[in-house]
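Q: Sharing query_8.cif below, mmCIF, C-alpha atoms and all ligand atoms:
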```cif
data_protein
loop_
_atom_site.label_atom_id
_atom_site.label_comp_id
_atom_site.auth_asym_id
_atom_site.auth_seq_id
_atom_site.Cartn_x
_atom_site.Cartn_y
_atom_site.Cartn_z
CA MET A 1454 -51.23 45.26 -60.52
CA THR A 1455 -47.60 45.93 -61.05
CA ASP A 1456 -45.69 47.53 -58.20
CA ARG A 1457 -45.12 50.59 -60.26
CA LEU A 1458 -48.84 50.91 -60.98
CA LYS A 1459 -49.66 50.43 -57.27
CA GLN A 1460 -47.19 53.14 -56.45
CA VAL A 1461 -48.84 55.52 -58.87
CA VAL A 1462 -52.37 54.69 -57.59
CA ASN A 1463 -51.25 55.23 -53.99
CA HIS A 1464 -49.61 58.46 -54.85
CA VAL A 1465 -52.68 59.77 -56.64
CA SER A 1466 -55.09 58.69 -53.89
CA SER A 1467 -52.91 60.08 -51.12
CA SER A 1468 -52.55 63.41 -52.89
CA ASN A 1469 -56.33 63.43 -53.45
CA LYS A 1470 -56.79 62.81 -49.77
CA MET A 1471 -54.56 65.72 -48.93
CA SER A 1472 -56.42 68.10 -51.18
CA ASN A 1473 -59.78 66.92 -49.83
CA ASP A 1474 -58.63 67.73 -46.33
CA LEU A 1475 -57.09 71.04 -47.21
CA TRP A 1476 -60.00 73.19 -46.00
CA GLN A 1477 -61.07 71.08 -43.07
CA ASN A 1478 -60.33 73.93 -40.67
CA VAL A 1479 -62.36 76.47 -42.60
CA PRO A 1480 -65.46 77.10 -40.52
CA LEU A 1481 -68.77 77.61 -42.27
CA ALA A 1482 -69.54 81.32 -42.20
CA PRO A 1483 -73.10 82.56 -41.74
CA PRO A 1484 -74.67 84.15 -44.82
CA ASP A 1485 -74.63 87.97 -45.00
CA SER A 1486 -77.51 89.31 -42.93
CA ILE A 1487 -78.76 91.65 -45.66
CA PHE A 1488 -78.07 89.74 -48.87
CA LYS A 1489 -79.58 86.53 -47.50
CA LEU A 1490 -82.91 88.34 -47.24
CA THR A 1491 -82.86 89.19 -50.95
CA ALA A 1492 -82.13 85.55 -51.80
CA ALA A 1493 -84.86 84.24 -49.48
CA TYR A 1494 -87.35 86.77 -50.84
CA LYS A 1495 -86.61 85.75 -54.43
CA ALA A 1496 -87.04 82.06 -53.60
CA ASP A 1497 -90.36 82.58 -51.77
CA PRO A 1498 -93.38 81.65 -53.96
CA PHE A 1499 -95.87 83.45 -51.65
CA GLU A 1500 -97.85 85.96 -53.69
CA ASN A 1501 -97.96 88.79 -51.16
CA LYS A 1502 -94.33 88.57 -50.06
CA VAL A 1503 -92.71 91.90 -49.20
CA ASN A 1504 -89.01 92.75 -49.38
CA LEU A 1505 -88.00 95.38 -46.85
CA GLY A 1506 -84.43 94.09 -46.52
CA VAL A 1507 -81.74 95.63 -48.69
CA GLY A 1508 -81.63 99.40 -49.10
CA ALA A 1509 -82.33 99.52 -52.81
CA TYR A 1510 -84.98 101.83 -54.25
CA ARG A 1511 -88.13 100.35 -55.74
CA ASP A 1512 -90.86 102.26 -57.55
CA ASP A 1513 -94.55 102.04 -56.74
CA ASP A 1514 -94.76 98.84 -58.84
CA ASN A 1515 -92.02 97.28 -56.70
CA LYS A 1516 -89.59 97.47 -59.64
CA PRO A 1517 -85.96 98.64 -59.57
CA TRP A 1518 -85.95 102.14 -61.04
CA VAL A 1519 -83.41 103.13 -63.67
CA LEU A 1520 -83.36 106.90 -63.23
CA PRO A 1521 -84.51 108.63 -66.45
CA VAL A 1522 -81.40 110.81 -66.29
CA VAL A 1523 -79.25 107.66 -66.21
CA ARG A 1524 -81.06 106.33 -69.28
CA LYS A 1525 -80.22 109.59 -71.06
CA ALA A 1526 -76.58 109.42 -70.03
CA GLU A 1527 -76.41 105.81 -71.25
CA GLN A 1528 -77.75 106.89 -74.63
CA ILE A 1529 -75.08 109.57 -74.84
CA LEU A 1530 -72.40 107.00 -74.04
CA LEU A 1531 -73.77 104.63 -76.66
CA ASN A 1532 -73.61 107.39 -79.22
CA THR A 1533 -70.04 108.39 -78.44
CA PRO A 1534 -67.98 106.13 -80.69
CA SER A 1535 -64.76 107.74 -79.53
CA LEU A 1536 -65.12 106.03 -76.15
CA ASP A 1537 -62.85 103.05 -75.79
CA HIS A 1538 -62.17 100.41 -73.15
CA GLU A 1539 -58.71 101.51 -72.11
CA TYR A 1540 -57.68 101.47 -68.45
CA LEU A 1541 -58.57 104.53 -66.40
CA PRO A 1542 -55.79 106.20 -64.40
CA ILE A 1543 -55.21 104.45 -61.04
CA THR A 1544 -57.17 107.10 -59.13
CA GLY A 1545 -60.06 107.03 -61.60
CA LEU A 1546 -61.72 109.20 -64.23
CA PRO A 1547 -60.36 112.71 -63.48
CA GLU A 1548 -63.51 114.65 -64.53
CA PHE A 1549 -65.61 112.32 -62.42
CA THR A 1550 -63.46 112.56 -59.29
CA ALA A 1551 -63.31 116.37 -59.53
CA ALA A 1552 -67.09 116.64 -59.91
CA ALA A 1553 -67.74 114.09 -57.16
CA ALA A 1554 -65.63 116.15 -54.74
CA LYS A 1555 -67.63 119.27 -55.64
CA LEU A 1556 -70.89 117.43 -55.12
CA ILE A 1557 -70.14 116.47 -51.54
CA LEU A 1558 -67.89 119.37 -50.48
CA GLY A 1559 -69.75 122.11 -52.33
CA PRO A 1560 -68.75 123.99 -55.50
CA ASP A 1561 -67.19 126.80 -53.45
CA SER A 1562 -65.34 124.52 -51.02
CA PRO A 1563 -62.23 126.20 -49.62
CA ALA A 1564 -60.58 122.76 -49.32
CA ILE A 1565 -61.03 122.16 -53.07
CA ALA A 1566 -59.87 125.68 -53.91
CA GLY A 1567 -56.77 125.15 -51.79
CA GLY A 1568 -55.95 121.85 -53.50
CA ARG A 1569 -56.28 120.07 -50.16
CA VAL A 1570 -58.62 117.30 -51.32
CA THR A 1571 -57.39 113.97 -52.61
CA THR A 1572 -60.11 112.06 -54.43
CA VAL A 1573 -59.84 108.48 -55.58
CA GLN A 1574 -62.55 106.67 -57.55
CA THR A 1575 -63.52 103.50 -55.67
CA ILE A 1576 -65.64 100.39 -55.94
CA SER A 1577 -68.75 102.19 -54.72
CA GLY A 1578 -69.17 103.14 -51.06
CA THR A 1579 -67.90 99.82 -49.76
CA GLY A 1580 -64.66 100.24 -51.70
CA ALA A 1581 -64.30 103.78 -50.37
CA ASN A 1582 -64.76 102.51 -46.82
CA HIS A 1583 -62.19 99.82 -47.43
CA LEU A 1584 -59.61 102.06 -49.06
CA GLY A 1585 -60.09 104.71 -46.38
CA ALA A 1586 -59.68 102.07 -43.65
CA LEU A 1587 -56.60 100.62 -45.31
CA PHE A 1588 -55.04 104.06 -45.70
CA LEU A 1589 -55.65 104.90 -42.04
CA GLU A 1590 -54.29 101.56 -40.91
CA ARG A 1591 -51.04 102.31 -42.75
CA PHE A 1592 -50.62 106.04 -42.28
CA PHE A 1593 -52.75 107.40 -39.42
CA PRO A 1594 -50.46 108.66 -36.64
CA TRP A 1595 -51.71 106.05 -34.18
CA SER A 1596 -50.72 106.72 -30.61
CA GLY A 1597 -52.35 103.65 -29.07
CA ASN A 1598 -54.34 100.71 -30.35
CA LYS A 1599 -55.63 100.76 -33.90
CA GLU A 1600 -59.31 101.33 -33.20
CA ILE A 1601 -62.31 103.06 -34.71
CA TYR A 1602 -65.53 104.05 -32.97
CA LEU A 1603 -68.68 103.00 -34.83
CA SER A 1604 -72.17 104.16 -33.95
CA ASP A 1605 -74.28 101.62 -32.09
CA PRO A 1606 -75.95 100.41 -34.26
CA THR A 1607 -74.37 100.92 -37.68
CA TRP A 1608 -74.39 99.41 -41.19
CA ALA A 1609 -73.81 95.68 -40.69
CA ASN A 1610 -70.74 95.69 -42.94
CA HIS A 1611 -68.74 98.37 -41.10
CA PRO A 1612 -67.17 96.18 -38.40
CA ALA A 1613 -65.98 93.60 -40.96
CA ILE A 1614 -64.44 96.26 -43.21
CA PHE A 1615 -62.26 97.59 -40.40
CA LYS A 1616 -61.41 94.16 -38.97
CA ASN A 1617 -60.21 93.14 -42.44
CA VAL A 1618 -57.43 95.72 -42.31
CA GLY A 1619 -56.52 95.22 -38.65
CA ILE A 1620 -58.47 98.10 -37.11
CA VAL A 1621 -60.53 97.07 -34.09
CA PRO A 1622 -64.13 98.29 -34.21
CA ARG A 1623 -65.45 99.83 -30.98
CA THR A 1624 -68.86 101.39 -30.54
CA TYR A 1625 -70.24 104.68 -29.33
CA PRO A 1626 -73.83 105.16 -28.13
CA TYR A 1627 -76.05 106.51 -30.87
CA TYR A 1628 -79.58 105.25 -30.65
CA ASP A 1629 -81.82 105.30 -27.63
CA PRO A 1630 -84.46 102.54 -27.81
CA LYS A 1631 -86.56 104.32 -25.19
CA THR A 1632 -87.06 107.45 -27.28
CA ILE A 1633 -86.50 105.68 -30.63
CA GLY A 1634 -84.25 108.66 -31.27
CA LEU A 1635 -80.69 109.91 -30.87
CA ASP A 1636 -78.85 109.23 -27.62
CA PHE A 1637 -77.15 112.58 -27.87
CA ASP A 1638 -75.82 112.62 -24.30
CA GLY A 1639 -74.32 109.17 -24.71
CA TYR A 1640 -72.79 110.20 -28.05
CA MET A 1641 -71.27 113.39 -26.60
CA ASN A 1642 -69.98 111.53 -23.59
CA ALA A 1643 -68.23 108.99 -25.82
CA LEU A 1644 -66.61 111.78 -27.84
CA LYS A 1645 -65.42 113.46 -24.67
CA THR A 1646 -64.12 110.36 -22.91
CA ALA A 1647 -62.43 108.65 -25.89
CA PRO A 1648 -58.64 109.10 -25.98
CA ASN A 1649 -57.54 112.24 -27.85
CA ASN A 1650 -57.07 111.76 -31.61
CA SER A 1651 -59.53 108.87 -31.83
CA ILE A 1652 -61.27 108.02 -35.08
CA PHE A 1653 -65.07 108.21 -35.20
CA LEU A 1654 -67.08 106.82 -38.08
CA ILE A 1655 -69.95 109.21 -38.74
CA HIS A 1656 -72.88 108.71 -41.11
CA ALA A 1657 -73.03 111.93 -43.10
CA CYS A 1658 -76.82 111.82 -43.41
CA ALA A 1659 -79.73 109.36 -43.31
CA HIS A 1660 -78.11 107.17 -40.68
CA ASN A 1661 -78.28 103.46 -41.48
CA PRO A 1662 -80.08 101.62 -39.89
CA THR A 1663 -81.86 104.09 -37.59
CA GLY A 1664 -82.94 106.92 -39.90
CA VAL A 1665 -82.01 109.24 -37.02
CA ASP A 1666 -79.63 112.15 -37.70
CA PRO A 1667 -78.38 114.86 -35.33
CA THR A 1668 -79.96 118.31 -35.67
CA ARG A 1669 -77.76 121.15 -36.96
CA GLU A 1670 -77.24 122.40 -33.39
CA GLN A 1671 -76.18 118.91 -32.35
CA TRP A 1672 -73.83 118.62 -35.33
CA ASN A 1673 -72.18 121.85 -34.22
CA GLU A 1674 -71.66 120.49 -30.72
CA ILE A 1675 -70.24 117.25 -32.11
CA ALA A 1676 -67.81 119.21 -34.32
CA ALA A 1677 -66.70 121.35 -31.37
CA VAL A 1678 -65.77 118.30 -29.29
CA MET A 1679 -64.11 116.62 -32.28
CA LEU A 1680 -61.92 119.70 -32.73
CA ASP A 1681 -61.23 120.01 -29.04
CA LYS A 1682 -60.18 116.37 -28.73
CA GLY A 1683 -58.38 116.19 -32.05
CA HIS A 1684 -60.67 113.36 -33.19
CA TYR A 1685 -60.64 112.21 -36.80
CA GLY A 1686 -63.94 111.99 -38.71
CA PHE A 1687 -64.44 108.98 -40.99
CA PHE A 1688 -67.57 110.13 -42.82
CA ASP A 1689 -69.64 107.57 -44.67
CA CYS A 1690 -71.99 109.22 -47.15
CA ALA A 1691 -74.06 106.58 -48.92
CA TYR A 1692 -77.36 108.48 -49.07
CA GLN A 1693 -76.73 112.06 -50.21
CA GLY A 1694 -80.12 113.25 -51.42
CA PHE A 1695 -82.09 110.56 -49.64
CA ALA A 1696 -82.39 112.31 -46.29
CA SER A 1697 -84.07 115.53 -47.36
CA GLY A 1698 -84.45 115.02 -51.09
CA ASN A 1699 -81.87 117.80 -51.56
CA LEU A 1700 -78.20 117.13 -52.30
CA ASP A 1701 -76.88 120.29 -50.65
CA ASN A 1702 -78.92 119.92 -47.46
CA ASP A 1703 -77.70 116.39 -47.05
CA ALA A 1704 -74.08 117.46 -47.42
CA TRP A 1705 -74.48 120.19 -44.80
CA ALA A 1706 -72.74 118.36 -41.94
CA VAL A 1707 -69.78 117.29 -44.09
CA ARG A 1708 -69.29 120.81 -45.44
CA GLU A 1709 -69.61 122.34 -42.00
CA PHE A 1710 -67.05 119.96 -40.50
CA VAL A 1711 -64.60 120.71 -43.32
CA LYS A 1712 -65.17 124.45 -42.83
CA LYS A 1713 -64.50 124.16 -39.11
CA GLY A 1714 -61.26 122.28 -39.80
CA VAL A 1715 -62.12 118.83 -38.44
CA ASN A 1716 -59.61 116.33 -39.82
CA MET A 1717 -61.57 113.91 -41.94
CA LEU A 1718 -62.15 111.75 -44.96
CA ILE A 1719 -65.40 111.04 -46.77
CA CYS A 1720 -66.64 107.85 -48.42
CA GLN A 1721 -69.13 108.57 -51.18
CA SER A 1722 -71.46 106.21 -52.96
CA PHE A 1723 -73.56 106.71 -56.09
CA ALA A 1724 -75.30 103.38 -55.62
CA LYS A 1725 -78.45 104.79 -54.11
CA ASN A 1726 -78.76 108.39 -55.26
CA ALA A 1727 -78.04 107.52 -58.90
CA GLY A 1728 -79.55 104.03 -58.71
CA LEU A 1729 -76.25 102.58 -59.95
CA TYR A 1730 -76.01 99.81 -57.35
CA GLY A 1731 -74.38 97.15 -59.50
CA GLU A 1732 -72.10 99.55 -61.36
CA ARG A 1733 -70.05 100.13 -58.21
CA VAL A 1734 -69.33 103.80 -58.56
CA GLY A 1735 -68.03 105.81 -55.62
CA ALA A 1736 -65.17 107.89 -54.33
CA LEU A 1737 -62.93 108.43 -51.35
CA HIS A 1738 -62.06 112.02 -50.45
CA VAL A 1739 -59.26 112.70 -47.98
CA ILE A 1740 -58.92 116.28 -46.72
CA SER A 1741 -55.40 117.42 -45.89
CA SER A 1742 -54.06 120.59 -44.33
CA SER A 1743 -52.03 121.59 -47.39
CA LYS A 1744 -51.81 120.96 -51.13
CA GLU A 1745 -48.44 119.38 -50.64
CA ALA A 1746 -49.80 116.92 -48.03
CA ALA A 1747 -52.73 116.12 -50.35
CA GLU A 1748 -50.24 115.16 -53.05
CA ARG A 1749 -48.38 112.81 -50.74
CA VAL A 1750 -51.68 111.27 -49.65
CA LYS A 1751 -52.61 110.81 -53.30
CA SER A 1752 -49.33 109.06 -54.03
CA GLN A 1753 -49.91 106.52 -51.26
CA LEU A 1754 -53.57 105.98 -52.11
CA SER A 1755 -52.42 105.25 -55.65
CA VAL A 1756 -50.00 102.62 -54.40
CA LEU A 1757 -52.73 100.94 -52.34
CA GLN A 1758 -55.32 101.14 -55.11
CA ARG A 1759 -52.89 99.72 -57.68
CA SER A 1760 -52.22 96.61 -55.62
CA GLU A 1761 -55.89 96.04 -54.86
CA ILE A 1762 -57.88 96.77 -58.00
CA SER A 1763 -55.22 98.32 -60.25
CA ASN A 1764 -57.71 100.90 -61.52
CA PRO A 1765 -61.45 101.41 -61.18
CA PRO A 1766 -64.17 100.50 -63.72
CA THR A 1767 -65.27 102.99 -66.37
CA TYR A 1768 -68.98 102.55 -67.04
CA GLY A 1769 -70.65 103.89 -63.90
CA ALA A 1770 -68.09 106.68 -63.54
CA ARG A 1771 -68.78 107.81 -67.11
CA ILE A 1772 -72.51 107.96 -66.43
CA VAL A 1773 -72.11 109.96 -63.22
CA ASN A 1774 -69.52 112.15 -64.90
CA LEU A 1775 -72.02 113.12 -67.62
CA ILE A 1776 -74.72 113.84 -65.06
CA LEU A 1777 -72.51 115.93 -62.79
CA ASN A 1778 -70.82 117.90 -65.56
CA ASP A 1779 -73.86 118.80 -67.67
CA ALA A 1780 -76.08 121.49 -66.18
CA GLY A 1781 -79.24 120.10 -67.80
CA LEU A 1782 -78.64 116.52 -66.75
CA PHE A 1783 -77.69 117.66 -63.26
CA GLU A 1784 -81.03 119.45 -62.84
CA GLU A 1785 -82.82 116.40 -64.12
CA TRP A 1786 -80.95 114.20 -61.64
CA LYS A 1787 -82.07 116.44 -58.79
CA ARG A 1788 -85.66 115.94 -59.90
CA ASP A 1789 -85.18 112.17 -60.02
CA ILE A 1790 -83.76 112.22 -56.50
CA ALA A 1791 -86.69 114.29 -55.32
CA THR A 1792 -89.01 111.69 -56.89
CA MET A 1793 -87.37 108.88 -54.93
CA ALA A 1794 -87.16 110.76 -51.65
CA GLY A 1795 -90.72 112.00 -52.09
CA ARG A 1796 -92.14 108.53 -52.60
CA ILE A 1797 -90.38 107.32 -49.46
CA ILE A 1798 -91.76 110.22 -47.42
CA ASP A 1799 -95.20 109.45 -48.80
CA MET A 1800 -94.90 105.81 -47.72
CA ARG A 1801 -93.87 106.95 -44.24
CA LYS A 1802 -96.98 109.12 -43.96
CA GLN A 1803 -99.27 106.38 -45.22
CA LEU A 1804 -97.82 103.71 -42.96
CA TYR A 1805 -98.09 106.03 -39.98
CA LYS A 1806 -101.70 106.77 -40.85
CA VAL A 1807 -102.73 103.14 -41.20
CA LEU A 1808 -100.99 102.09 -37.99
CA THR A 1809 -102.28 104.94 -35.85
CA GLU A 1810 -105.72 105.72 -37.34
CA GLU A 1811 -106.98 102.48 -38.87
CA LEU A 1812 -105.36 99.67 -36.92
CA LYS A 1813 -104.68 101.54 -33.69
CA THR A 1814 -101.53 99.48 -33.31
CA PRO A 1815 -100.29 99.61 -29.70
CA GLY A 1816 -97.30 101.91 -29.11
CA ASN A 1817 -96.08 105.25 -30.43
CA TRP A 1818 -95.28 105.34 -34.16
CA ASP A 1819 -94.18 108.96 -34.51
CA HIS A 1820 -90.69 107.79 -35.43
CA ILE A 1821 -92.01 106.36 -38.71
CA VAL A 1822 -92.56 109.92 -39.95
CA ASN A 1823 -89.72 111.53 -38.00
CA GLN A 1824 -86.94 109.25 -39.20
CA ILE A 1825 -85.35 110.08 -42.54
CA GLY A 1826 -83.73 108.34 -45.47
CA MET A 1827 -84.31 104.90 -46.85
CA PHE A 1828 -84.79 103.13 -43.56
CA SER A 1829 -87.06 103.08 -40.58
CA PHE A 1830 -85.94 101.55 -37.37
CA THR A 1831 -89.31 100.27 -36.23
CA GLY A 1832 -88.33 99.51 -32.66
CA ILE A 1833 -89.88 96.02 -32.81
CA THR A 1834 -88.08 93.10 -31.15
CA PRO A 1835 -85.94 90.50 -32.97
CA GLN A 1836 -88.68 87.94 -32.24
CA GLN A 1837 -91.29 90.14 -33.86
CA SER A 1838 -89.02 90.70 -36.88
CA GLN A 1839 -88.47 86.97 -37.14
CA ALA A 1840 -92.22 86.31 -36.98
CA LEU A 1841 -92.74 88.81 -39.79
CA VAL A 1842 -90.18 87.01 -41.95
CA GLU A 1843 -91.25 83.48 -41.16
CA LYS A 1844 -95.01 83.83 -40.81
CA ALA A 1845 -95.92 86.83 -42.91
CA HIS A 1846 -93.25 86.58 -45.69
CA VAL A 1847 -92.14 90.14 -44.89
CA TYR A 1848 -88.36 90.18 -45.32
CA MET A 1849 -86.57 92.57 -42.96
CA THR A 1850 -83.38 92.58 -40.88
CA ALA A 1851 -83.57 91.16 -37.34
CA ASN A 1852 -82.73 94.55 -35.80
CA GLY A 1853 -86.17 95.85 -36.80
CA ARG A 1854 -84.94 97.91 -39.76
CA ILE A 1855 -87.29 98.22 -42.70
CA SER A 1856 -86.33 99.63 -46.07
CA MET A 1857 -89.19 102.05 -46.69
CA THR A 1858 -88.73 101.84 -50.44
CA GLY A 1859 -89.94 98.24 -50.41
CA LEU A 1860 -93.38 99.59 -49.54
CA ASN A 1861 -95.84 100.72 -52.18
CA ARG A 1862 -99.53 101.44 -52.49
CA LYS A 1863 -100.29 97.77 -53.13
CA ASN A 1864 -98.40 96.11 -50.29
CA LEU A 1865 -98.54 98.77 -47.59
CA GLY A 1866 -101.85 97.54 -46.19
CA TYR A 1867 -100.65 93.96 -45.95
CA PHE A 1868 -97.43 95.04 -44.28
CA ALA A 1869 -99.19 97.28 -41.77
CA GLU A 1870 -101.61 94.51 -40.83
CA SER A 1871 -98.74 92.03 -40.44
CA LEU A 1872 -96.78 94.50 -38.31
CA ASP A 1873 -99.85 95.15 -36.22
CA LYS A 1874 -100.30 91.41 -35.62
CA ALA A 1875 -96.60 90.98 -34.78
CA VAL A 1876 -96.77 93.78 -32.22
CA ARG A 1877 -99.91 92.26 -30.68
CA GLY A 1878 -98.22 88.84 -30.57
CA GLN A 1879 -100.84 87.45 -32.95
CA LEU A 1880 -98.62 86.29 -35.81
N1 LIG B 1901 -72.32 102.78 -46.29
C1 LIG B 1901 -73.56 102.60 -45.78
C2 LIG B 1901 -73.91 103.32 -44.54
C3 LIG B 1901 -74.46 101.74 -46.42
O1 LIG B 1901 -75.67 101.60 -45.90
C4 LIG B 1901 -74.07 101.05 -47.59
C5 LIG B 1901 -75.00 100.11 -48.23
C6 LIG B 1901 -72.79 101.29 -48.08
C7 LIG B 1901 -71.93 102.15 -47.41
C8 LIG B 1901 -72.23 100.63 -49.31
O2 LIG B 1901 -72.96 100.77 -50.44
P1 LIG B 1901 -72.28 100.53 -51.88
O3 LIG B 1901 -73.30 99.74 -52.63
O4 LIG B 1901 -71.00 99.78 -51.68
O5 LIG B 1901 -72.05 101.88 -52.42
N2 LIG B 1901 -76.04 99.65 -47.67
C9 LIG B 1901 -77.08 98.78 -48.19
C10 LIG B 1901 -76.64 97.68 -49.07
C11 LIG B 1901 -75.59 96.80 -48.48
O6 LIG B 1901 -75.74 96.32 -47.36
O7 LIG B 1901 -74.57 96.59 -49.18
C12 LIG B 1901 -77.96 98.27 -47.04
O8 LIG B 1901 -77.67 98.57 -45.86
O9 LIG B 1901 -78.97 97.61 -47.31
#
```
In structure tokens, how does this file's structure come out?
Ligand code: KET
A:
Amino acid sequence: MTDRLKQVVNHVSSSNKMSNDLWQNVPLAPPDSIFKLTAAYKADPFENKVNLGVGAYRDDDNKPWVLPVVRKAEQILLNTPSLDHEYLPITGLPEFTAAAAKLILGPDSPAIAGGRVTTVQTISGTGANHLGALFLERFFPWSGNKEIYLSDPTWANHPAIFKNVGIVPRTYPYYDPKTIGLDFDGYMNALKTAPNNSIFLIHACAHNPTGVDPTREQWNEIAAVMLDKGHYGFFDCAYQGFASGNLDNDAWAVREFVKKGVNMLICQSFAKNAGLYGERVGALHVISSSKEAAERVKSQLSVLQRSEISNPPTYGARIVNLILNDAGLFEEWKRDIATMAGRIIDMRKQLYKVLTEELKTPGNWDHIVNQIGMFSFTGITPQQSQALVEKAHVYMTANGRISMTGLNRKNLGYFAESLDKAVRGQL
């Protein structure tokens, strides 16, 4: 080989070596705790496998359900040749954002009337959480450390979302394993003892993963302390309609807090209540004390949004826009939501019945019917959850959360028997 050729070969191999080593310090991350269950479920050939992992609605045939009202809206879009594929404004489709604000804050919201609400269309609820977190990191009048209090437990993705933008997640007591209910005293104590002007992340309704929400009296007490301490409410609303089956009922706490003047923002998702999971349609609403402040907030949210996603996607927003802005479609949507919520409540009742009356499973199972929303926090141990996944092919998160919508008339018996065995240590 000529010297020149050797030189070239050496150069190429040494640069290859460098690029091979480039990521040697990147540690292998664990798979996402929720999405790995979907993947494992799909790969499992077992006939009676059950997926109670991700919070995504399934009908009684275990199929994803495209809401009939969404089908109608899609047809309308298809038959509207004037629609193009231009960019949306940075803050999203204006008719959609206006209607989304009304949906969560109420059509007669004084904050909307006063022009005090800034709404930005986001990449579903996750994007709203992220944009809200990023905005707070930049502009919240921090007096101490950049921290947020998250309920213990909370949605598995919350801590990562805040860490990503440099806000340290802390926790406040929420769930009491002894009562399988709300640790209201612990919650109130955390609100009272946190430094003034702290930020608390609050699930607007249908708390994930516990299915345990405060009562209206408790909400009022929470709001009073928040006001007294000057705390900021970071509301995450991913399940409007799923708690009670009624959109207005489920927005009660948010509306009440706005009315009382708690400083807050709201993250809104249409993934679950419109069944538009993959379309990524959501919104962030920031409430300000004046119209002028809301405009400044909007200007900064626009700057952040522009650098992150430039502008949000059209398709899902157009669908929701049609549903929210057409009285007929809106009524139909409410019926579809009631169908989903009703089936979940029915599954709760049936599971409770089989566990308590037929199988006489040891323990108290009242929480199965008392908890609300998509999830039940069964109260079983991580070992029992693991046994259900590994031995019974029942896919559920290790914290004992089950997505009730994964149950149907065909698999409920099998699940109940498997749960019964797990609890008795017989799996
Ligand atoms: N907030 C909460 C409380 C929540 O449970 C989810 C999703 C989201 C926000 C985000 O949803 P999005 O699809 O971005 O609008 N939860 C389910 C799915 C997931 O983990 O992404 C779940 O807990 O199974």
Q: At a cut-off of 9 Å, using all atoms listed in the file, what residues contact Met1827 of chain A? Leave out same-chain residues fewer than 3 positions from it and give the result as a PyMOL selection string.
A: chain A and resi 1508-1510+1659+1661-1662+1664+1692+1695-1696+1794+1797+1855-1858
Q: Measuring atom to atom with all atoms listed in the file, identify which of A:Val1503, A:Leu1680, A:Leu1603, A:Met1641 is nearest to Ala1845 of chain A.
A: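 Of A:Val1503, A:Leu1680, A:Leu1603, A:Met1641, the one nearest Ala1845 of chain A is A:Val1503, counting all atoms listed in the file.
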Q: So which residues touch segment 1497-1500 of chain A within 8 Å, counting only C-alpha atoms, skipping near sequence neighbours fewer than 3 positions away, as a list in words?
A: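 After dropping sequence-adjacent residues, the list is Ala1493, Tyr1494 and His1846 of chain A.
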Q: Using only C-alpha atoms, which residue out of A:Gly1634, A:Ala1613, A:Gln1693, A:Tyr1602 lies closest to Phe1653 of chain A?
A: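 Among the listed residues, the smallest separation from Phe1653 of chain A belongs to A:Tyr1602.
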Q: Just to confirm, what's the straight-line distance from atom CA of Ile1772 of chain A to atom CA of Ala1526 of chain A in Å (one decimal)?
A: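 Atom-to-atom, atom CA of Ile1772 of chain A to atom CA of Ala1526 of chain A, that is 5.6 Å.
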Q: Counting only C-alpha atoms, which residue out of A:Thr1663, A:Gln1839, A:Thr1533, A:Asn1699 sits closest to Asn1823 of chain A?
A: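 For Asn1823 of chain A, the nearest of the given residues is A:Thr1663.
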